Structure formats: C-alpha cells, structure tokens
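Student: To be precise about what I am sending: the file is called protein-v3.cif and holds mmCIF, C-alpha atoms and all ligand atoms.
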data_my_file
loop_
_atom_site.group_PDB
_atom_site.id
_atom_site.type_symbol
_atom_site.label_atom_id
_atom_site.label_comp_id
_atom_site.auth_asym_id
_atom_site.auth_seq_id
_atom_site.Cartn_x
_atom_site.Cartn_y
_atom_site.Cartn_z
ATOM 1 C CA MET A 64 130.275 68.989 115.571
ATOM 2 C CA ALA A 65 134.059 69.124 115.737
ATOM 3 C CA GLN A 66 135.575 72.552 116.255
ATOM 4 C CA LEU A 67 136.348 74.100 112.861
ATOM 5 C CA CYS A 68 138.405 77.126 111.911
ATOM 6 C CA PHE A 69 136.177 80.036 110.996
ATOM 7 C CA PHE A 70 137.623 81.580 107.859
ATOM 8 C CA PRO A 71 141.075 82.107 109.363
ATOM 9 C CA GLU A 72 142.787 83.008 106.089
ATOM 10 C CA ALA A 73 143.009 86.147 104.011
ATOM 11 C CA GLY A 74 141.319 86.032 100.612
ATOM 12 C CA GLN A 75 137.795 85.595 101.942
ATOM 13 C CA SER A 76 135.434 88.501 101.537
ATOM 14 C CA LYS A 77 133.911 90.126 104.601
ATOM 15 C CA GLY A 78 130.230 89.725 105.294
ATOM 16 C CA LEU A 79 129.889 86.040 104.398
ATOM 17 C CA PRO A 80 126.864 84.480 106.089
ATOM 18 C CA LYS A 81 129.038 82.371 108.369
ATOM 19 C CA GLN A 82 126.075 80.801 110.083
ATOM 20 C CA PHE A 83 125.608 78.844 106.842
ATOM 21 C CA LEU A 84 129.242 78.140 105.925
ATOM 22 C CA GLU A 85 132.369 76.693 107.502
ATOM 23 C CA TYR A 86 135.731 76.761 105.780
ATOM 24 C CA VAL A 87 138.893 74.824 106.600
ATOM 25 C CA PRO A 88 141.748 75.786 104.257
ATOM 26 C CA LYS A 89 143.959 72.731 104.808
ATOM 27 C CA LEU A 90 141.913 69.642 105.418
ATOM 28 C CA ILE A 91 144.287 67.592 103.253
ATOM 29 C CA ASP A 92 148.033 68.281 102.986
ATOM 30 C CA PRO A 93 149.259 69.607 99.629
ATOM 31 C CA PHE A 94 151.234 66.490 98.679
ATOM 32 C CA THR A 95 148.372 64.057 99.353
ATOM 33 C CA GLY A 96 146.018 66.518 97.666
ATOM 34 C CA GLN A 97 148.170 66.586 94.541
ATOM 35 C CA GLN A 98 148.258 62.780 94.385
ATOM 36 C CA LEU A 99 144.474 62.652 94.778
ATOM 37 C CA LEU A 100 143.996 65.324 92.110
ATOM 38 C CA GLU A 101 146.105 63.446 89.570
ATOM 39 C CA LYS A 102 144.464 60.103 90.312
ATOM 40 C CA LEU A 103 140.944 61.546 90.168
ATOM 41 C CA ILE A 104 141.622 63.284 86.860
ATOM 42 C CA ALA A 105 143.184 60.182 85.307
ATOM 43 C CA GLU A 106 140.901 57.455 86.635
ATOM 44 C CA THR A 107 137.404 58.950 86.905
ATOM 45 C CA PRO A 108 135.038 58.111 84.014
ATOM 46 C CA TRP A 109 134.219 61.792 83.454
ATOM 47 C CA GLN A 110 131.100 62.765 81.555
ATOM 48 C CA GLN A 111 129.902 66.006 80.082
ATOM 49 C CA SER A 112 126.139 66.264 80.554
ATOM 50 C CA MET A 113 123.601 68.220 78.594
ATOM 51 C CA ARG A 114 121.217 70.676 80.119
ATOM 52 C CA ILE A 115 118.352 72.721 78.766
ATOM 53 C CA MET A 116 119.021 76.440 78.619
ATOM 54 C CA TYR A 117 115.881 78.300 77.595
ATOM 55 C CA THR A 118 114.933 76.177 74.577
ATOM 56 C CA LYS A 119 118.354 74.865 73.587
ATOM 57 C CA GLU A 120 120.297 71.855 74.803
ATOM 58 C CA VAL A 121 123.801 72.876 75.825
ATOM 59 C CA LEU A 122 126.785 70.977 77.183
ATOM 60 C CA THR A 123 127.526 71.592 80.872
ATOM 61 C CA PRO A 124 130.781 73.598 80.980
ATOM 62 C CA ARG A 125 132.673 71.103 83.171
ATOM 63 C CA LEU A 126 132.968 67.337 83.557
ATOM 64 C CA THR A 127 131.154 65.406 86.265
ATOM 65 C CA ALA A 128 130.857 61.953 87.806
ATOM 66 C CA TRP A 129 128.541 60.511 90.446
ATOM 67 C CA TYR A 130 129.517 57.940 93.078
ATOM 68 C CA GLY A 131 127.534 56.521 95.962
ATOM 69 C CA ASP A 132 125.981 53.628 97.866
ATOM 70 C CA PRO A 133 124.017 51.838 95.129
ATOM 71 C CA GLU A 134 121.614 50.348 97.666
ATOM 72 C CA ALA A 135 120.932 53.612 99.491
ATOM 73 C CA PHE A 136 118.515 55.058 96.978
ATOM 74 C CA ASP A 137 116.340 54.103 94.051
ATOM 75 C CA TYR A 138 118.332 55.765 91.289
ATOM 76 C CA GLN A 139 115.850 54.596 88.673
ATOM 77 C CA SER A 140 113.055 56.567 90.291
ATOM 78 C CA LEU A 141 115.492 59.509 90.309
ATOM 79 C CA LYS A 142 115.722 59.008 86.512
ATOM 80 C CA SER A 143 119.426 58.789 87.023
ATOM 81 C CA THR A 144 122.143 56.416 86.015
ATOM 82 C CA ARG A 145 123.419 54.105 88.730
ATOM 83 C CA PRO A 146 126.079 55.799 90.876
ATOM 84 C CA LEU A 147 129.588 54.396 90.496
ATOM 85 C CA ALA A 148 130.898 52.324 93.408
ATOM 86 C CA TRP A 149 133.010 54.196 96.002
ATOM 87 C CA THR A 150 136.762 54.081 95.380
ATOM 88 C CA PRO A 151 139.281 53.847 98.276
ATOM 89 C CA GLU A 152 140.309 57.490 97.641
ATOM 90 C CA LEU A 153 136.746 58.821 97.768
ATOM 91 C CA LEU A 154 136.035 56.783 100.913
ATOM 92 C CA MET A 155 139.166 58.205 102.522
ATOM 93 C CA VAL A 156 137.950 61.772 101.902
ATOM 94 C CA LYS A 157 134.390 60.866 102.949
ATOM 95 C CA ASN A 158 135.739 59.539 106.267
ATOM 96 C CA LEU A 159 137.619 62.800 106.822
ATOM 97 C CA VAL A 160 134.646 65.093 106.160
ATOM 98 C CA GLU A 161 131.890 63.210 107.965
ATOM 99 C CA PRO A 162 132.984 64.053 111.532
ATOM 100 C CA LEU A 163 133.412 67.715 110.530
ATOM 101 C CA ALA A 164 130.005 67.826 108.869
ATOM 102 C CA GLY A 165 128.289 65.795 111.597
ATOM 103 C CA ALA A 166 126.599 63.833 108.811
ATOM 104 C CA THR A 167 126.911 60.535 106.952
ATOM 105 C CA PHE A 168 126.874 60.976 103.197
ATOM 106 C CA ASN A 169 125.620 58.381 100.720
ATOM 107 C CA SER A 170 126.875 59.980 97.538
ATOM 108 C CA VAL A 171 129.378 62.380 96.050
ATOM 109 C CA LEU A 172 129.211 64.479 92.905
ATOM 110 C CA LEU A 173 132.614 65.160 91.348
ATOM 111 C CA ASN A 174 133.222 68.279 89.275
ATOM 112 C CA TYR A 175 136.261 68.651 87.030
ATOM 113 C CA TYR A 176 137.068 72.205 85.885
ATOM 114 C CA ARG A 177 139.670 71.671 83.158
ATOM 115 C CA ASP A 178 140.609 75.357 82.849
ATOM 116 C CA GLY A 179 139.212 78.861 83.310
ATOM 117 C CA ASN A 180 136.520 78.222 80.709
ATOM 118 C CA ASP A 181 134.916 75.599 82.915
ATOM 119 C CA SER A 182 132.404 76.836 85.457
ATOM 120 C CA VAL A 183 129.147 76.245 87.267
ATOM 121 C CA ALA A 184 126.433 78.877 86.851
ATOM 122 C CA TRP A 185 124.469 80.453 89.713
ATOM 123 C CA HIS A 186 122.316 77.812 91.374
ATOM 124 C CA SER A 187 121.318 76.414 94.720
ATOM 125 C CA ASP A 188 121.364 72.711 95.467
ATOM 126 C CA LYS A 189 117.804 72.280 96.543
ATOM 127 C CA GLU A 190 116.531 69.383 94.467
ATOM 128 C CA GLU A 191 113.789 67.388 96.098
ATOM 129 C CA ILE A 192 116.045 64.331 96.322
ATOM 130 C CA LEU A 193 118.338 66.180 98.738
ATOM 131 C CA GLY A 194 115.487 66.728 101.193
ATOM 132 C CA LYS A 195 114.800 69.866 103.170
ATOM 133 C CA GLU A 196 117.769 72.047 104.163
ATOM 134 C CA PRO A 197 120.516 69.753 102.837
ATOM 135 C CA ILE A 198 124.045 69.691 104.248
ATOM 136 C CA ILE A 199 126.736 69.505 101.546
ATOM 137 C CA ALA A 200 130.430 68.981 102.212
ATOM 138 C CA SER A 201 132.781 70.219 99.507
ATOM 139 C CA VAL A 202 136.477 69.388 99.109
ATOM 140 C CA SER A 203 138.680 71.045 96.475
ATOM 141 C CA PHE A 204 141.933 70.045 94.807
ATOM 142 C CA GLY A 205 144.129 71.926 92.364
ATOM 143 C CA GLN A 206 143.579 75.429 91.051
ATOM 144 C CA VAL A 207 142.233 77.928 93.594
ATOM 145 C CA ARG A 208 138.870 79.155 92.295
ATOM 146 C CA SER A 209 136.459 81.709 93.720
ATOM 147 C CA PHE A 210 133.255 80.300 95.157
ATOM 148 C CA ASP A 211 130.799 83.188 94.880
ATOM 149 C CA ILE A 212 127.594 83.352 96.825
ATOM 150 C CA ARG A 213 124.748 85.828 96.469
ATOM 151 C CA ASN A 214 121.493 86.493 98.274
ATOM 152 C CA LYS A 215 118.561 85.208 96.205
ATOM 153 C CA LEU A 216 116.456 88.237 97.104
ATOM 154 C CA ASN A 217 119.200 90.810 96.633
ATOM 155 C CA HIS A 218 121.773 89.841 94.031
ATOM 156 C CA ALA A 219 123.929 92.843 94.932
ATOM 157 C CA GLU A 220 124.662 91.125 98.238
ATOM 158 C CA GLN A 221 127.493 88.940 97.003
ATOM 159 C CA TYR A 222 130.555 87.418 98.682
ATOM 160 C CA SER A 223 133.279 84.982 97.787
ATOM 161 C CA VAL A 224 135.537 82.367 99.309
ATOM 162 C CA LYS A 225 138.736 81.292 97.585
ATOM 163 C CA LEU A 226 138.648 77.509 97.679
ATOM 164 C CA GLU A 227 142.242 76.422 98.134
ATOM 165 C CA HIS A 228 143.971 73.148 97.253
ATOM 166 C CA GLY A 229 143.037 70.604 99.931
ATOM 167 C CA SER A 230 140.347 72.814 101.462
ATOM 168 C CA PHE A 231 136.996 71.908 102.970
ATOM 169 C CA LEU A 232 133.815 73.976 102.708
ATOM 170 C CA LEU A 233 130.688 72.998 104.572
ATOM 171 C CA MET A 234 127.393 74.288 103.174
ATOM 172 C CA LYS A 235 125.201 74.091 106.234
ATOM 173 C CA ALA A 236 121.454 73.639 106.590
ATOM 174 C CA GLY A 237 119.646 76.759 105.381
ATOM 175 C CA LEU A 238 122.255 78.001 102.886
ATOM 176 C CA GLN A 239 120.499 76.653 99.795
ATOM 177 C CA GLU A 240 117.191 78.279 100.728
ATOM 178 C CA LYS A 241 118.458 81.860 100.854
ATOM 179 C CA TRP A 242 121.683 81.854 98.830
ATOM 180 C CA GLU A 243 122.897 80.833 95.391
ATOM 181 C CA HIS A 244 126.476 79.950 94.494
ATOM 182 C CA ARG A 245 128.665 79.609 91.418
ATOM 183 C CA ILE A 246 132.198 79.097 90.160
ATOM 184 C CA ALA A 247 132.608 81.785 87.510
ATOM 185 C CA LYS A 248 134.633 81.436 84.343
ATOM 186 C CA SER A 249 137.968 83.223 84.368
ATOM 187 C CA THR A 250 139.851 85.014 81.635
ATOM 188 C CA LYS A 251 143.111 84.301 83.509
ATOM 189 C CA ALA A 252 144.880 81.037 82.680
ATOM 190 C CA MET A 253 143.685 78.383 85.110
ATOM 191 C CA GLU A 254 145.071 74.963 85.968
ATOM 192 C CA PRO A 255 142.744 71.994 86.475
ATOM 193 C CA ARG A 256 140.610 71.759 89.595
ATOM 194 C CA VAL A 257 138.578 68.857 90.967
ATOM 195 C CA ASN A 258 135.822 69.430 93.508
ATOM 196 C CA LEU A 259 133.981 66.749 95.492
ATOM 197 C CA THR A 260 130.523 67.550 96.878
ATOM 198 C CA PHE A 261 129.331 64.958 99.376
ATOM 199 C CA ARG A 262 125.553 64.764 99.595
ATOM 200 C CA ILE A 263 122.756 62.809 101.224
ATOM 201 C CA VAL A 264 120.279 61.642 98.604
ATOM 202 C CA LYS A 265 116.970 60.655 100.177
HETATM 203 O O1 LIG B 301 133.004 73.405 92.419
HETATM 204 C C1 LIG B 301 132.493 73.864 93.435
HETATM 205 O O2 LIG B 301 133.167 74.292 94.371
HETATM 206 C C2 LIG B 301 130.990 73.943 93.556
HETATM 207 C C3 LIG B 301 130.252 72.842 92.876
HETATM 208 C C4 LIG B 301 128.770 72.944 93.054
HETATM 209 O O3 LIG B 301 128.241 73.970 93.379
HETATM 210 C C5 LIG B 301 127.911 71.763 92.876
HETATM 211 O O4 LIG B 301 128.399 70.690 92.490
HETATM 212 O O5 LIG B 301 126.713 71.878 93.126
HETATM 213 FE FE FE B 302 126.236 73.624 94.099
#
Spell out the structure here as structure tokens.

Tutor:
Amino acid sequence: MAQLCFFPEAGQSKGLPKQFLEYVPKLIDPFTGQQLLEKLIAETPWQQSMRIMYTKEVLTPRLTAWYGDPEAFDYQSLKSTRPLAWTPELLMVKNLVEPLAGATFNSVLLNYYRDGNDSVAWHSDKEEILGKEPIIASVSFGQVRSFDIRNKLNHAEQYSVKLEHGSFLLMKAGLQEKWEHRIAKSTKAMEPRVNLTFRIVK
C-alpha cells in the first residue's frame, strides 16, 4: 500500500484504533473539491430511502445514490435497483483512492447531508454482500462533519475524526467487526456535505 499520512492534523481525538483507519486530510485540492461538490449535488439523481425503525417505516435522514459496474454483480439477487453507470467524476476519484486502498472497487454509495439535520445513525457496514472484513474508502466534500466511532462491546470507548473537505478515510479490514460509526446530527448550522464510500460488492 502507498505510504499514507497517519492522522497528521489536529482535530482528531486520541486513542483512535489506527490499525483499522487511515486518514489523509487533503487527497483532493479545495478548488477541485468544490467543483466536484457542486456538480455532484446538482447532477446526481438523489433518492431518500425508507428504512424500518422498530415497527415504523421512516425516511433515511440524508439523500443517497448508488453507482457501480452493472456487470460486476447480480443486483437483482441483491434485491436492489441497478447501480447507475460511473460518471467521469466518480471514476476520477475512484482512480485516486484505489492505489491508496490497495483495492479495486466495483461500486460507490453517495451520501448527501443537506444540513445539520442530516445524519447516519450508528452502524457497521457488514452486510453479507460486502464479504468478510470489507475495505471501504471514503472521500468527503463540503462541510466538515465528525465521524464518530465506538467499540461495539463498550460504547463508552468512543473517538472521532473530523472529515475535512477533500479528505480521504480508509476503513480497513477488521474495523466493521469491532467498531460502529455514525455522522451525528448537529444543532449548529451546517453547509451541505457529500461523502463517497467506495465498496466491493461480491
Ligand atoms: O458520511 C460518512 O462519512 C459515512 C457514511 C457511511 O457510514 C456509510 O455510507 O456507510
Ligand atoms: Fe458506514
């Protein structure tokens, strides 16, 4: 794997399980990042999905979109809609992250957090379709948001990384088994943020 910076910036809490995470604050320069952010917000066919919470159906508190190699997996057996075809912008970012991740991704899930009310609740990405010990590469644009992680067996063990505009976060093999993550809502005014999570769907 290429040599990465290990959390060189302030703003990251101490004690992060760095064996499972790599963070590069400036993978993409701010100007290019801003252009990508605006284009992704304007041109992505964003959807708001439903999920079951206890017994009620609720709207996911953010917008999402799914892109990928249509021939790489049987999306019908995944009970999923067909992924959208890669755009030049998404391929550009994919080509940047693959050498850092040491992996070739066949899909990307986009998350659009419109403001501080948008969030993703505690979860780990460990669906069967991602295989055992998945590697996920995450790239963020726009508003800096806190990526919190907590130990599944001891919720008091909690850390956070501030995901900056143009930054890269690698969730390495093993993270999803022991740790959960979230992007919490914020009562402070928040500008839009778009996050790309590159994944390998089996
Ligand atoms: O927005 C983020 O940084 C995290 C998104 C996430 O956890 C996911 O898509 O599974
Ligand atoms: Fe996640």

Student: Determine the residue membership of the PyMOL selection byres (((chain A and resi 152) around 12) and not hetatm) for the file above and supply it as a ChimeraX atom specification.

Tutor: /A:95-96,98-103,106-107,130,148-151,153-159,259

Student: For the residues in the current selection, export C-alpha atoms as a short mmCIF file (atom, residue, chain, number, x, y, z; two decimals), keeping the file's coordinate frame.

Tutor:
data_model
loop_
_atom_site.label_atom_id
_atom_site.label_comp_id
_atom_site.auth_asym_id
_atom_site.auth_seq_id
_atom_site.Cartn_x
_atom_site.Cartn_y
_atom_site.Cartn_z
CA THR A 95 148.37 64.06 99.35
CA GLY A 96 146.02 66.52 97.67
CA GLN A 98 148.26 62.78 94.38
CA LEU A 99 144.47 62.65 94.78
CA LEU A 100 144.00 65.32 92.11
CA GLU A 101 146.10 63.45 89.57
CA LYS A 102 144.46 60.10 90.31
CA LEU A 103 140.94 61.55 90.17
CA GLU A 106 140.90 57.46 86.64
CA THR A 107 137.40 58.95 86.90
CA TYR A 130 129.52 57.94 93.08
CA ALA A 148 130.90 52.32 93.41
CA TRP A 149 133.01 54.20 96.00
CA THR A 150 136.76 54.08 95.38
CA PRO A 151 139.28 53.85 98.28
CA LEU A 153 136.75 58.82 97.77
CA LEU A 154 136.04 56.78 100.91
CA MET A 155 139.17 58.20 102.52
CA VAL A 156 137.95 61.77 101.90
CA LYS A 157 134.39 60.87 102.95
CA ASN A 158 135.74 59.54 106.27
CA LEU A 159 137.62 62.80 106.82
CA LEU A 259 133.98 66.75 95.49
#

Student: Atom CA of Ile246 of chain A and atom C3 of ligand LIG 301 (chain B), how far apart in Å?

Tutor: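 Atom CA of Ile246 of chain A lies 7.1 Å from atom C3 of ligand LIG 301 (chain B).
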
Student: Decode the PyMOL selection byres (((chain A and resi 78) around 12) and not hetatm) for the given file into explicit residues and return them as a PyMOL selection string.

Tutor: chain A and resi 70+75-77+79-84+212-214+220-224

Student: May I ask you to write as a PDB file with C-alpha atoms, in the coordinates of the input all residues lying at most 7 Å from ligand LIG 301 (chain B), with all atoms listed in the file counted?

Tutor:
ATOM      1  CA  LEU A 172     129.211  64.479  92.905  1.00  0.00           C
ATOM      2  CA  ASN A 174     133.222  68.279  89.275  1.00  0.00           C
ATOM      3  CA  VAL A 183     129.147  76.245  87.267  1.00  0.00           C
ATOM      4  CA  ASP A 188     121.364  72.711  95.467  1.00  0.00           C
ATOM      5  CA  SER A 201     132.781  70.219  99.507  1.00  0.00           C
ATOM      6  CA  SER A 203     138.680  71.045  96.475  1.00  0.00           C
ATOM      7  CA  PHE A 210     133.255  80.300  95.157  1.00  0.00           C
ATOM      8  CA  HIS A 244     126.476  79.950  94.494  1.00  0.00           C
ATOM      9  CA  ARG A 245     128.665  79.609  91.418  1.00  0.00           C
ATOM     10  CA  ILE A 246     132.198  79.097  90.160  1.00  0.00           C
ATOM     11  CA  ASN A 258     135.822  69.430  93.508  1.00  0.00           C
ATOM     12  CA  THR A 260     130.523  67.550  96.878  1.00  0.00           C
TER      13      THR A 260
END

Student: Evaluate the PyMOL selection byres (((chain A and resi 264) around 6) and not hetatm) against this structure - the residues, as number ranges by chain, please.

Tutor: A: 192-193, 263, 265

Student: Here is a test: counting all atoms listed in the file, which residue of A:Glu254, A:Asp181, A:Glu191, A:Asp211 is nearest to Gln111 of chain A?

Tutor: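 Answer, going by the shortest atom-to-atom distance: A:Asp181.
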
Student: Here is a test: counting only C-alpha atoms, which residue of A:Pro146, A:Gly237, A:Pro133, A:Gly165 is nearest to Lys189 of chain A?

Tutor: A:Gly237

Student: Residues near Ala166 of chain A, anyone? I mean within 12 Å using only C-alpha atoms, not counting same-chain ones fewer than 3 positions away, as a PyMOL selection string.

Tutor: chain A and resi 64-65+157-163+169-170+197-200+233-236+261-263

Student: Find, counting only C-alpha atoms and all ligand atoms, the residue in A:Leu216, A:Val171, A:Ala164, A:Ala105 that gets nearest to ligand FE 302 (chain B).

Tutor: A:Val171

Student: Work out how far atom CA of Arg208 of chain A is from atom CA of Ser143 of chain A, in Å to one decimal.

Tutor: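 Atom-to-atom, atom CA of Ser143 of chain A to atom CA of Arg208 of chain A, that is 28.6 Å.
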
Student: What separation in Å, quoted to one decimal, exists between atom CA of Met113 of chain A and atom CA of Arg256 of chain A?

Tutor: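 If I compute the distance from atom CA of Met113 of chain A to atom CA of Arg256 of chain A, I get 20.6 Å.
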
Student: Of the residues A:Ser187, A:Ser112, A:Thr123, A:Ser230, which is the one nearest to ligand FE 302 (chain B), using all atoms listed in the file?

Tutor: A:Ser187

Student: When you look at Ser249 of chain A with a cut-off of 10 Å (counting all atoms listed in the file), what residues show up, excluding the ones that are within fewer than 5 positions of it in the same chain? I need them as a list in words.

Tutor: Asp178, Gly179, Asn180, Asp181, Ser182, Arg208 and Ser209 of chain A

Student: Which of these, A:His186, A:Lys89, A:Lys251, A:Arg114, has the shortest distance to ligand FE 302 (chain B) once you count only C-alpha atoms and all ligand atoms?

Tutor: A:His186

Student: So that all listed atoms of segment 239-245 of chain A fit with 8 Å spare on each side, what axis-aligned box centre and edge lengths in Å, to one decimal, would you give as JSON?

Tutor:
{"center_x": 122.9, "center_y": 79.3, "center_z": 96.1, "size_x": 27.5, "size_y": 21.2, "size_z": 25.4}

Student: Identify which of the residues A:Glu190, A:Asp132, A:Asp137, A:Glu85 lies closest to ligand FE 302 (chain B), counting only C-alpha atoms and all ligand atoms when measuring atom-to-atom distances.

Tutor: A:Glu190
